[in-house]
Every structure is written in C-alpha cells, then in structure tokens.
Amino acid sequence: MATAFSSDGEAALRRELGPVAPPAPRGDLDGFYEMDRAAAFVRGGGFRKVALQFPDELLADAAAVAARMEAATGAEMYVLGDTTYGSCCVDEVAAEHAGAEAVLHYGPACLSPCRKLPVLHVFGQQPLDIGRCAEAFRELYPDRQSRVVVLSDVVYARAMGELEQQLCPEYPNIVFSRVVCGDPPDPTPPGEVRQFGRQFLVKAPGGLQDCAMFYVGAEGLALTSFMLTWNRCPFSSFNPTTGCGRRETLNVNRALMRRLYLVERARDARVVGILVGTLGVVGYLAVLQHLRELLRRAGKRSYTLAVGKPNPAKLANFLEVDIFVLVACTQNSMLDSSDFYRPVVTPYELELACNPARKWTGNYLTDFRDLLPGACAHVELPPAIPAAEAVPDFSLITGEMRAAHVCDRPDSQLPPSTALACRDETRALAEISPAASFLESRSWRGLEQQLGQTPISKAVQGRRGIAIAYEDEGCERP
C-alpha cells in the first residue's frame, strides 16, 4: 500500500531514454472514454476551460482524448500532467492553476466528494467476462439462499447490470451495489448503506453482518478498505484479469492488530505531524481543525505539514515528530508505514488514541468525515479533568507512565510543552517549541553561510552524470 503515495524513484533514474513508442491501440477510443457523455457534460455546463485528469496507465491517450474533446465542445482542454496527491482523488489544486471551470476525471476513483469544481467521472469501460464471473460466483456460493452483497471496482461498474440479470433469478437474496457520486442524503433511509461511493439496501434480519461480500476487481486499496471497514463480513472476489475467483484469506484480525498497535504508538507520541494528503475532499479543513483540537486537549504538540505525496525520505526530515497522521481519501489514508522512520496513522486511529470517550467497537472507519460533528460516528471530547484526579495511564509498549490529560489552560498561559529562553541581549523572552529545541540539538543543521570564513578558490569541473551513477565511478556497483 505504500506505493499508492510513494516510490524510491530508482526505476526512473535507471531508465534509458529512447524514441517514444506510440501508445498501444485501445480499440474504440470514443466508447472507452465515453466521449459523448463527457462532451454533453461540458456543453451542458457551458464550461470554456476543462481539466482532464488521467492516471499514469492512461496518460498515453491524453493527447488524443483532449483533441477530440476540443473538437466536440469548442472548449479548451488542459491535461494535468501530474497529481498533487493520489490519482484516485480529483486534483482541484492543479485544475485551478490552469483556471479550469470543471474536471473530467478518468480511470479508477475513490469517489470522494469535491469542494469547488464540478466533476464528471469517466471510469473507462474495462472488459469483463460476465459468464466466467457468474460461474465463479456459483462456485463460491453453492447455496442459492446465500445473502451476498456484490461490490465492484468502478471500472467494472457498467457491466454489473448484465451480471445482475444472470444471477438474480438464481439467488433471491443477492444485492448489487450501485456506484454513486456526491454526498449521501440526510437522513439515509433505514437499511440503506451508502459508503465509499457505493449504495445498496440490506434486507437481512441481522443487518450487514449477516451478509457475505463478493468483490469484482483486482486486489488493491479499495478491497482492503472494504474488508477493514466491514470486517465482520466474509469476503470473496473475482479478478477479471486472471479470470479466477477466490475466498479472501487476508487475515483481517491480524491487519487490525497492526492498526491497533499503531494506536498505542500514537498514545505514546508527544509531537504529532498532521500530513495534508488531500486538498479537494469535502471537510478536510474541518478535520484538520478537529485533529489540532484533539491533540491540544491530549497535551500533545502538533505541526501541519503539506508535503504532497509522502515517502520515507521526505518524512525522515522531521525527526522531532514521533508519529504522523495522514488526512487523505478513504483509499489512501491507510498508508503502509513499515518502511518509514516514524509510523503513519489515520485520523480514526489518532482519535482512538487521544479521545478517552471513543471506545473500540470492532468497526473501523476510513472516512475522516465520519469523525466530524454531526456525522454518524462523531464522539464528543469529554471535559478535561484536573491532574490530581487523573487516573494513571501506562504505555503497553514501553511500560512507562504516560502524561495525564489535564484541564484546559487559559489563553493567557503558555502551552504545557513551551519553554522560555532569552532571545537577544535585551533579555527579551521568546518561546521555543519542541521542534526548535530538537533542531538546536542536532549535530548537523544544514548549510551555513560562514561569510568571510570560506577561502576563495577557482571553479573546477565537477562530476558528470547523476547521483546514482557518476561517470567516474565505473560500472561496478557494490
């Protein structure tokens, strides 16, 4: 899961450049990219500038699609060459840089609602062998009375109607989800589930936990998010690429144990870095404010960091941070941080660690909007208690006693972790944050000017090549 946001870049550095090969033929380009529907969206909205967002695997078709869209609509089309965050999210930031009035998002999508620009999702009609998929379903569920909810990757959503026609006569209790965009209605009708851009009605007496889940799509972040969120339901899947169906053997409990271990790490942390992993999902500003208040009430320092796509090298620059919390969409929030210097948790895991009123119920939340006031899973912060009345709390990792939650201090007083130091010869006082104190203690602090101390020397020719393989290093590598 770490590759959703990061890569070490070695493949790009070692790649030899040559003549660009033409893109592989995709057959009916108009049908695959739904040109008629996209052109109707642009003309109906009266948009004059439109941003086209492609994932890396579809970027080879970008020029052809943009040319046909301009010819069909008369509007200017701008191809977004790179995404600020994950490609599944609509990149409103890059679109606004081009002055776009709307976005056409191509390929897989997390379907998170956007804040500003109108968006049309074009998933791309990937081929699906309906007969083989139905056969795999029958093999996995021989009991015709099985209660099964059918989910699919968005790129196969258009084929679900034909699959439904084949299976519904045989399975009276089967339910097919629908792909929807935008916020759910308020309130949601009883028995209806609307999450992750999917909508379906559960008729089982015991609710969703009495149903099995059948997923059409390849293994990936979407399936992992489904399995962790609905961890009480048995899952099976059909991979259209390989044509194989299987029962998902991912040990969800083991995965949850890993996530709960990270909750304990968050409880021990004193300095928390809030990573901004999206600028387009509705409610991201509200959850940032919510996390800052949560950490302040827990007696922890927080720093908000906007680093684009986080990777181990970027986050290793912030050694003073004990743990990071990533505010991203539902598919990219669970970043596998095993290769990172510090762990990365989700907003829900941070709330489990810092909100004493929130208890673990077995349900896992990947949508940060569920934590906000007025949402279905919001839990109010309890009033702070005096330090003398606080119950001792011990770390399950180190065995040491943690700092107790204390009462809110008046605004005139300094935060609990702030120190005072003399700023200059006038003996004026200045605040030193934990991060600044940590930087002062570093043996290496970066480039120093040392004006007048560095001897003057003539310019000489330096090394040639790239840092991973300079020309004078030869071909041998350790």
# chains A, B, ... in the order shown; residues from 1 in each chain; ligands from 1
>>> residues_around(residues="range 130-138 of chain A", least_positions_apart="4", cutoff="9 Å", atoms="only C-alpha atoms", output="ChimeraX atom specification")
/A:142-144,159-160,162-163,166-167,214,216,236-240,243-246
>>> select_by_dssp(residues="range 39-229 of chain A", states="alpha helix (DSSP H)", output="number ranges by chain")
A: 39-45, 62-73, 92-97, 130-140, 160-167, 221-229
>>> write_last_selection(atoms="N, CA and C atoms", output="compact mmCIF listing (two decimals), in the first residue's frame")
# COMPACT_ATOMS: atom_id res chain seq x y z
N ALA A 39 -18.72 15.04 -23.54
CA ALA A 39 -18.99 16.25 -24.31
C ALA A 39 -20.31 16.88 -23.90
N ALA A 40 -21.32 16.06 -23.62
CA ALA A 40 -22.61 16.59 -23.16
C ALA A 40 -22.46 17.29 -21.81
N PHE A 41 -21.61 16.76 -20.93
CA PHE A 41 -21.37 17.39 -19.64
C PHE A 41 -20.73 18.76 -19.82
N VAL A 42 -19.75 18.88 -20.72
CA VAL A 42 -19.08 20.15 -20.93
C VAL A 42 -20.02 21.16 -21.58
N ARG A 43 -20.74 20.73 -22.61
CA ARG A 43 -21.66 21.67 -23.28
C ARG A 43 -22.81 22.06 -22.37
N GLY A 44 -23.34 21.10 -21.60
CA GLY A 44 -24.45 21.41 -20.70
C GLY A 44 -24.08 22.39 -19.61
N GLY A 45 -22.84 22.33 -19.14
CA GLY A 45 -22.41 23.27 -18.10
C GLY A 45 -21.89 24.58 -18.64
N ALA A 62 -3.95 10.72 -23.51
CA ALA A 62 -4.40 12.05 -23.11
C ALA A 62 -4.48 13.01 -24.29
N ALA A 63 -3.46 13.02 -25.15
CA ALA A 63 -3.46 13.98 -26.26
C ALA A 63 -4.61 13.71 -27.23
N ALA A 64 -4.84 12.44 -27.54
CA ALA A 64 -5.93 12.12 -28.46
C ALA A 64 -7.28 12.46 -27.87
N VAL A 65 -7.47 12.16 -26.60
CA VAL A 65 -8.75 12.46 -25.95
C VAL A 65 -8.97 13.96 -25.88
N ALA A 66 -7.94 14.72 -25.52
CA ALA A 66 -8.08 16.18 -25.44
C ALA A 66 -8.42 16.78 -26.79
N ALA A 67 -7.79 16.30 -27.85
CA ALA A 67 -8.07 16.83 -29.19
C ALA A 67 -9.51 16.56 -29.60
N ARG A 68 -9.99 15.36 -29.33
CA ARG A 68 -11.37 15.03 -29.72
C ARG A 68 -12.37 15.81 -28.87
N MET A 69 -12.07 16.02 -27.60
CA MET A 69 -12.98 16.77 -26.76
C MET A 69 -13.03 18.24 -27.18
N GLU A 70 -11.90 18.81 -27.57
CA GLU A 70 -11.91 20.20 -28.04
C GLU A 70 -12.71 20.32 -29.33
N ALA A 71 -12.56 19.33 -30.22
CA ALA A 71 -13.32 19.37 -31.47
C ALA A 71 -14.82 19.22 -31.23
N ALA A 72 -15.19 18.43 -30.23
CA ALA A 72 -16.61 18.17 -29.97
C ALA A 72 -17.29 19.27 -29.17
N THR A 73 -16.53 20.02 -28.37
CA THR A 73 -17.15 21.00 -27.47
C THR A 73 -16.75 22.44 -27.76
N GLU A 92 -8.15 19.21 -7.59
CA GLU A 92 -8.68 20.55 -7.80
C GLU A 92 -7.59 21.62 -7.78
N VAL A 93 -6.52 21.37 -7.04
CA VAL A 93 -5.43 22.35 -6.95
C VAL A 93 -4.79 22.56 -8.31
N ALA A 94 -4.41 21.46 -8.98
CA ALA A 94 -3.79 21.58 -10.30
C ALA A 94 -4.79 22.15 -11.32
N ALA A 95 -6.06 21.78 -11.19
CA ALA A 95 -7.07 22.30 -12.12
C ALA A 95 -7.25 23.81 -11.97
N GLU A 96 -7.20 24.29 -10.74
CA GLU A 96 -7.35 25.73 -10.52
C GLU A 96 -6.14 26.50 -11.02
N HIS A 97 -4.96 25.87 -11.02
CA HIS A 97 -3.78 26.54 -11.57
C HIS A 97 -3.97 26.85 -13.05
N ILE A 130 -18.51 -11.81 -18.31
CA ILE A 130 -19.67 -11.97 -17.44
C ILE A 130 -19.93 -13.44 -17.14
N GLY A 131 -19.83 -14.29 -18.16
CA GLY A 131 -20.09 -15.71 -17.95
C GLY A 131 -19.12 -16.33 -16.96
N ARG A 132 -17.84 -16.02 -17.09
CA ARG A 132 -16.85 -16.59 -16.17
C ARG A 132 -17.04 -16.03 -14.76
N CYS A 133 -17.41 -14.76 -14.65
CA CYS A 133 -17.65 -14.16 -13.34
C CYS A 133 -18.84 -14.83 -12.66
N ALA A 134 -19.92 -15.05 -13.40
CA ALA A 134 -21.09 -15.72 -12.83
C ALA A 134 -20.77 -17.15 -12.42
N GLU A 135 -19.96 -17.83 -13.22
CA GLU A 135 -19.56 -19.19 -12.88
C GLU A 135 -18.74 -19.22 -11.59
N ALA A 136 -17.82 -18.25 -11.43
CA ALA A 136 -17.02 -18.19 -10.21
C ALA A 136 -17.90 -17.89 -9.00
N PHE A 137 -18.92 -17.07 -9.19
CA PHE A 137 -19.84 -16.78 -8.08
C PHE A 137 -20.58 -18.05 -7.65
N ARG A 138 -21.04 -18.84 -8.61
CA ARG A 138 -21.76 -20.06 -8.27
C ARG A 138 -20.86 -21.06 -7.54
N GLU A 139 -19.59 -21.09 -7.92
CA GLU A 139 -18.66 -21.99 -7.24
C GLU A 139 -18.40 -21.55 -5.81
N LEU A 140 -18.35 -20.25 -5.58
CA LEU A 140 -18.07 -19.75 -4.24
C LEU A 140 -19.30 -19.80 -3.34
N MET A 160 -22.10 -4.46 -14.34
CA MET A 160 -22.82 -5.11 -13.24
C MET A 160 -24.28 -5.37 -13.56
N GLY A 161 -24.86 -4.58 -14.45
CA GLY A 161 -26.26 -4.81 -14.81
C GLY A 161 -26.46 -6.15 -15.50
N GLU A 162 -25.56 -6.50 -16.40
CA GLU A 162 -25.65 -7.79 -17.09
C GLU A 162 -25.41 -8.95 -16.13
N LEU A 163 -24.46 -8.78 -15.20
CA LEU A 163 -24.22 -9.82 -14.21
C LEU A 163 -25.43 -10.00 -13.30
N GLU A 164 -26.08 -8.91 -12.97
CA GLU A 164 -27.28 -8.98 -12.14
C GLU A 164 -28.39 -9.76 -12.83
N GLN A 165 -28.53 -9.57 -14.12
CA GLN A 165 -29.57 -10.29 -14.86
C GLN A 165 -29.32 -11.80 -14.85
N GLN A 166 -28.06 -12.21 -14.80
CA GLN A 166 -27.75 -13.63 -14.79
C GLN A 166 -27.94 -14.27 -13.42
N LEU A 167 -27.61 -13.54 -12.36
CA LEU A 167 -27.57 -14.16 -11.04
C LEU A 167 -28.85 -13.98 -10.22
N LEU A 221 -6.17 -1.31 -2.97
CA LEU A 221 -6.53 -0.48 -1.83
C LEU A 221 -8.03 -0.46 -1.58
N ALA A 222 -8.83 -0.49 -2.66
CA ALA A 222 -10.28 -0.45 -2.48
C ALA A 222 -10.76 -1.69 -1.73
N LEU A 223 -10.29 -2.86 -2.14
CA LEU A 223 -10.70 -4.10 -1.48
C LEU A 223 -10.22 -4.12 -0.03
N THR A 224 -9.01 -3.67 0.24
CA THR A 224 -8.50 -3.62 1.61
C THR A 224 -9.35 -2.72 2.48
N SER A 225 -9.74 -1.57 1.95
CA SER A 225 -10.58 -0.64 2.71
C SER A 225 -11.94 -1.25 3.00
N PHE A 226 -12.51 -1.95 2.02
CA PHE A 226 -13.80 -2.61 2.25
C PHE A 226 -13.69 -3.66 3.35
N MET A 227 -12.64 -4.47 3.30
CA MET A 227 -12.50 -5.57 4.23
C MET A 227 -12.26 -5.09 5.66
N LEU A 228 -11.51 -4.01 5.83
CA LEU A 228 -11.29 -3.49 7.17
C LEU A 228 -12.53 -2.81 7.72
N THR A 229 -13.27 -2.12 6.86
CA THR A 229 -14.47 -1.43 7.33
C THR A 229 -15.59 -2.42 7.67
>>> residues_around(residues="Val175 in chain A", least_positions_apart="6", cutoff="10 Å", atoms="only C-alpha atoms", output="list in words")
Arg147, Val148, Val149, Val150, Leu151, Glu164, Cys168, Phe200, Leu201, Val202, Lys203, Cys211 and Met213 of chain A
>>> write_last_selection(atoms="C-alpha atoms", output="PDB file, in the first residue's frame")
ATOM      1  CA  ARG A 147     -27.208 -13.449   1.331  1.00  0.00           C
ATOM      2  CA  VAL A 148     -24.497 -11.759  -0.701  1.00  0.00           C
ATOM      3  CA  VAL A 149     -23.722  -8.108  -1.479  1.00  0.00           C
ATOM      4  CA  VAL A 150     -21.919  -7.664  -4.824  1.00  0.00           C
ATOM      5  CA  LEU A 151     -19.358  -4.856  -4.933  1.00  0.00           C
ATOM      6  CA  GLU A 164     -27.278  -8.976 -12.137  1.00  0.00           C
ATOM      7  CA  CYS A 168     -30.762 -12.630  -9.623  1.00  0.00           C
ATOM      8  CA  PHE A 200     -27.141  -0.801  -1.535  1.00  0.00           C
ATOM      9  CA  LEU A 201     -30.103  -1.876   0.571  1.00  0.00           C
ATOM     10  CA  VAL A 202     -29.609  -4.552   3.242  1.00  0.00           C
ATOM     11  CA  LYS A 203     -32.661  -6.729   3.927  1.00  0.00           C
ATOM     12  CA  CYS A 211     -24.241 -10.897   4.583  1.00  0.00           C
ATOM     13  CA  MET A 213     -19.371  -9.745   0.227  1.00  0.00           C
TER      14      MET A 213
END
>>> residues_around(residues="Tyr261 in chain A", least_positions_apart="6", cutoff="12 Å", atoms="only C-alpha atoms", output="ChimeraX atom specification")
/A:254-255,267-268,343-345,349-350,352-353,395-397
>>> closest_atom_pairs(of="range 245-308 of chain A", to="range 374-388 of chain A", cutoff="10 Å", atoms="only C-alpha atoms", output="CSV")
residue,atom,partner,partner_atom,distance
A:Glu293,CA,A:Leu381,CA,9.6
A:Leu294,CA,A:Leu381,CA,7.8
A:Arg297,CA,A:Ala384,CA,7.6
A:Ala298,CA,A:Ala384,CA,9.0
>>> select_by_dssp(residues="range 246-417 of chain A", states="strand (DSSP E)", output="MDAnalysis selection string")
chainID A and resid 246:247 271:276 301:305 323:327 344:345
>>> write_last_selection(atoms="N, CA, C and O atoms", output="mmCIF file, in the first residue's frame")
data_model
loop_
_atom_site.group_PDB
_atom_site.id
_atom_site.type_symbol
_atom_site.label_atom_id
_atom_site.label_comp_id
_atom_site.auth_asym_id
_atom_site.auth_seq_id
_atom_site.Cartn_x
_atom_site.Cartn_y
_atom_site.Cartn_z
ATOM 1 N N ARG A 246 -11.854 -16.384 -5.728
ATOM 2 C CA ARG A 246 -11.244 -16.949 -4.529
ATOM 3 C C ARG A 246 -11.896 -16.358 -3.292
ATOM 4 O O ARG A 246 -12.518 -15.285 -3.346
ATOM 5 N N ARG A 247 -11.769 -17.090 -2.197
ATOM 6 C CA ARG A 247 -12.152 -16.555 -0.901
ATOM 7 C C ARG A 247 -10.964 -15.761 -0.369
ATOM 8 O O ARG A 247 -9.842 -16.251 -0.376
ATOM 9 N N VAL A 271 4.907 14.561 20.015
ATOM 10 C CA VAL A 271 4.840 15.503 18.901
ATOM 11 C C VAL A 271 4.250 14.766 17.704
ATOM 12 O O VAL A 271 4.750 13.709 17.313
ATOM 13 N N VAL A 272 3.188 15.312 17.132
ATOM 14 C CA VAL A 272 2.448 14.661 16.051
ATOM 15 C C VAL A 272 2.476 15.560 14.821
ATOM 16 O O VAL A 272 2.208 16.767 14.917
ATOM 17 N N GLY A 273 2.815 14.981 13.688
ATOM 18 C CA GLY A 273 2.781 15.713 12.422
ATOM 19 C C GLY A 273 1.516 15.377 11.656
ATOM 20 O O GLY A 273 1.220 14.215 11.396
ATOM 21 N N ILE A 274 0.719 16.386 11.332
ATOM 22 C CA ILE A 274 -0.527 16.207 10.577
ATOM 23 C C ILE A 274 -0.194 16.382 9.102
ATOM 24 O O ILE A 274 0.112 17.480 8.648
ATOM 25 N N LEU A 275 -0.239 15.299 8.347
ATOM 26 C CA LEU A 275 0.076 15.323 6.923
ATOM 27 C C LEU A 275 -1.182 15.631 6.123
ATOM 28 O O LEU A 275 -2.185 14.923 6.227
ATOM 29 N N VAL A 276 -1.129 16.680 5.328
ATOM 30 C CA VAL A 276 -2.261 17.044 4.468
ATOM 31 C C VAL A 276 -2.155 16.203 3.205
ATOM 32 O O VAL A 276 -1.302 16.454 2.346
ATOM 33 N N ARG A 301 1.899 18.169 21.116
ATOM 34 C CA ARG A 301 2.208 19.196 20.137
ATOM 35 C C ARG A 301 1.869 18.694 18.742
ATOM 36 O O ARG A 301 2.070 17.514 18.431
ATOM 37 N N SER A 302 1.382 19.577 17.884
ATOM 38 C CA SER A 302 1.056 19.188 16.512
ATOM 39 C C SER A 302 1.636 20.197 15.536
ATOM 40 O O SER A 302 1.711 21.398 15.831
ATOM 41 N N TYR A 303 2.063 19.683 14.381
ATOM 42 C CA TYR A 303 2.570 20.503 13.289
ATOM 43 C C TYR A 303 1.903 20.022 12.009
ATOM 44 O O TYR A 303 1.885 18.819 11.724
ATOM 45 N N THR A 304 1.357 20.946 11.250
ATOM 46 C CA THR A 304 0.691 20.615 9.996
ATOM 47 C C THR A 304 1.693 20.694 8.858
ATOM 48 O O THR A 304 2.370 21.713 8.681
ATOM 49 N N LEU A 305 1.784 19.615 8.083
ATOM 50 C CA LEU A 305 2.781 19.503 7.021
ATOM 51 C C LEU A 305 2.086 19.202 5.701
ATOM 52 O O LEU A 305 1.260 18.290 5.624
ATOM 53 N N ILE A 323 5.115 10.700 15.515
ATOM 54 C CA ILE A 323 4.177 9.934 14.695
ATOM 55 C C ILE A 323 3.451 10.900 13.771
ATOM 56 O O ILE A 323 3.311 12.096 14.088
ATOM 57 N N PHE A 324 3.017 10.409 12.627
ATOM 58 C CA PHE A 324 2.288 11.226 11.659
ATOM 59 C C PHE A 324 0.858 10.716 11.534
ATOM 60 O O PHE A 324 0.608 9.515 11.676
ATOM 61 N N VAL A 325 -0.050 11.636 11.243
ATOM 62 C CA VAL A 325 -1.428 11.267 10.929
ATOM 63 C C VAL A 325 -1.729 11.814 9.539
ATOM 64 O O VAL A 325 -1.493 12.987 9.250
ATOM 65 N N LEU A 326 -2.218 10.955 8.657
ATOM 66 C CA LEU A 326 -2.445 11.309 7.257
ATOM 67 C C LEU A 326 -3.916 11.585 7.016
ATOM 68 O O LEU A 326 -4.766 10.713 7.234
ATOM 69 N N VAL A 327 -4.222 12.789 6.563
ATOM 70 C CA VAL A 327 -5.581 13.175 6.198
ATOM 71 C C VAL A 327 -5.710 13.008 4.689
ATOM 72 O O VAL A 327 -5.217 13.833 3.920
ATOM 73 N N VAL A 344 2.760 6.043 10.473
ATOM 74 C CA VAL A 344 1.728 6.924 9.916
ATOM 75 C C VAL A 344 0.376 6.301 10.235
ATOM 76 O O VAL A 344 0.124 5.143 9.881
ATOM 77 N N VAL A 345 -0.496 7.052 10.913
ATOM 78 C CA VAL A 345 -1.798 6.544 11.328
ATOM 79 C C VAL A 345 -2.893 7.317 10.607
ATOM 80 O O VAL A 345 -2.651 8.316 9.935
#
>>> closest_residue(among="A:Trp360, A:Gly399, A:Thr278, A:Arg258", to="Asp336 in chain A", atoms="only C-alpha atoms")
A:Arg258
>>> atom_distance(atom1="CA of Asp30 in chain A", atom2="CA of Ala218 in chain A")
24.8 Å
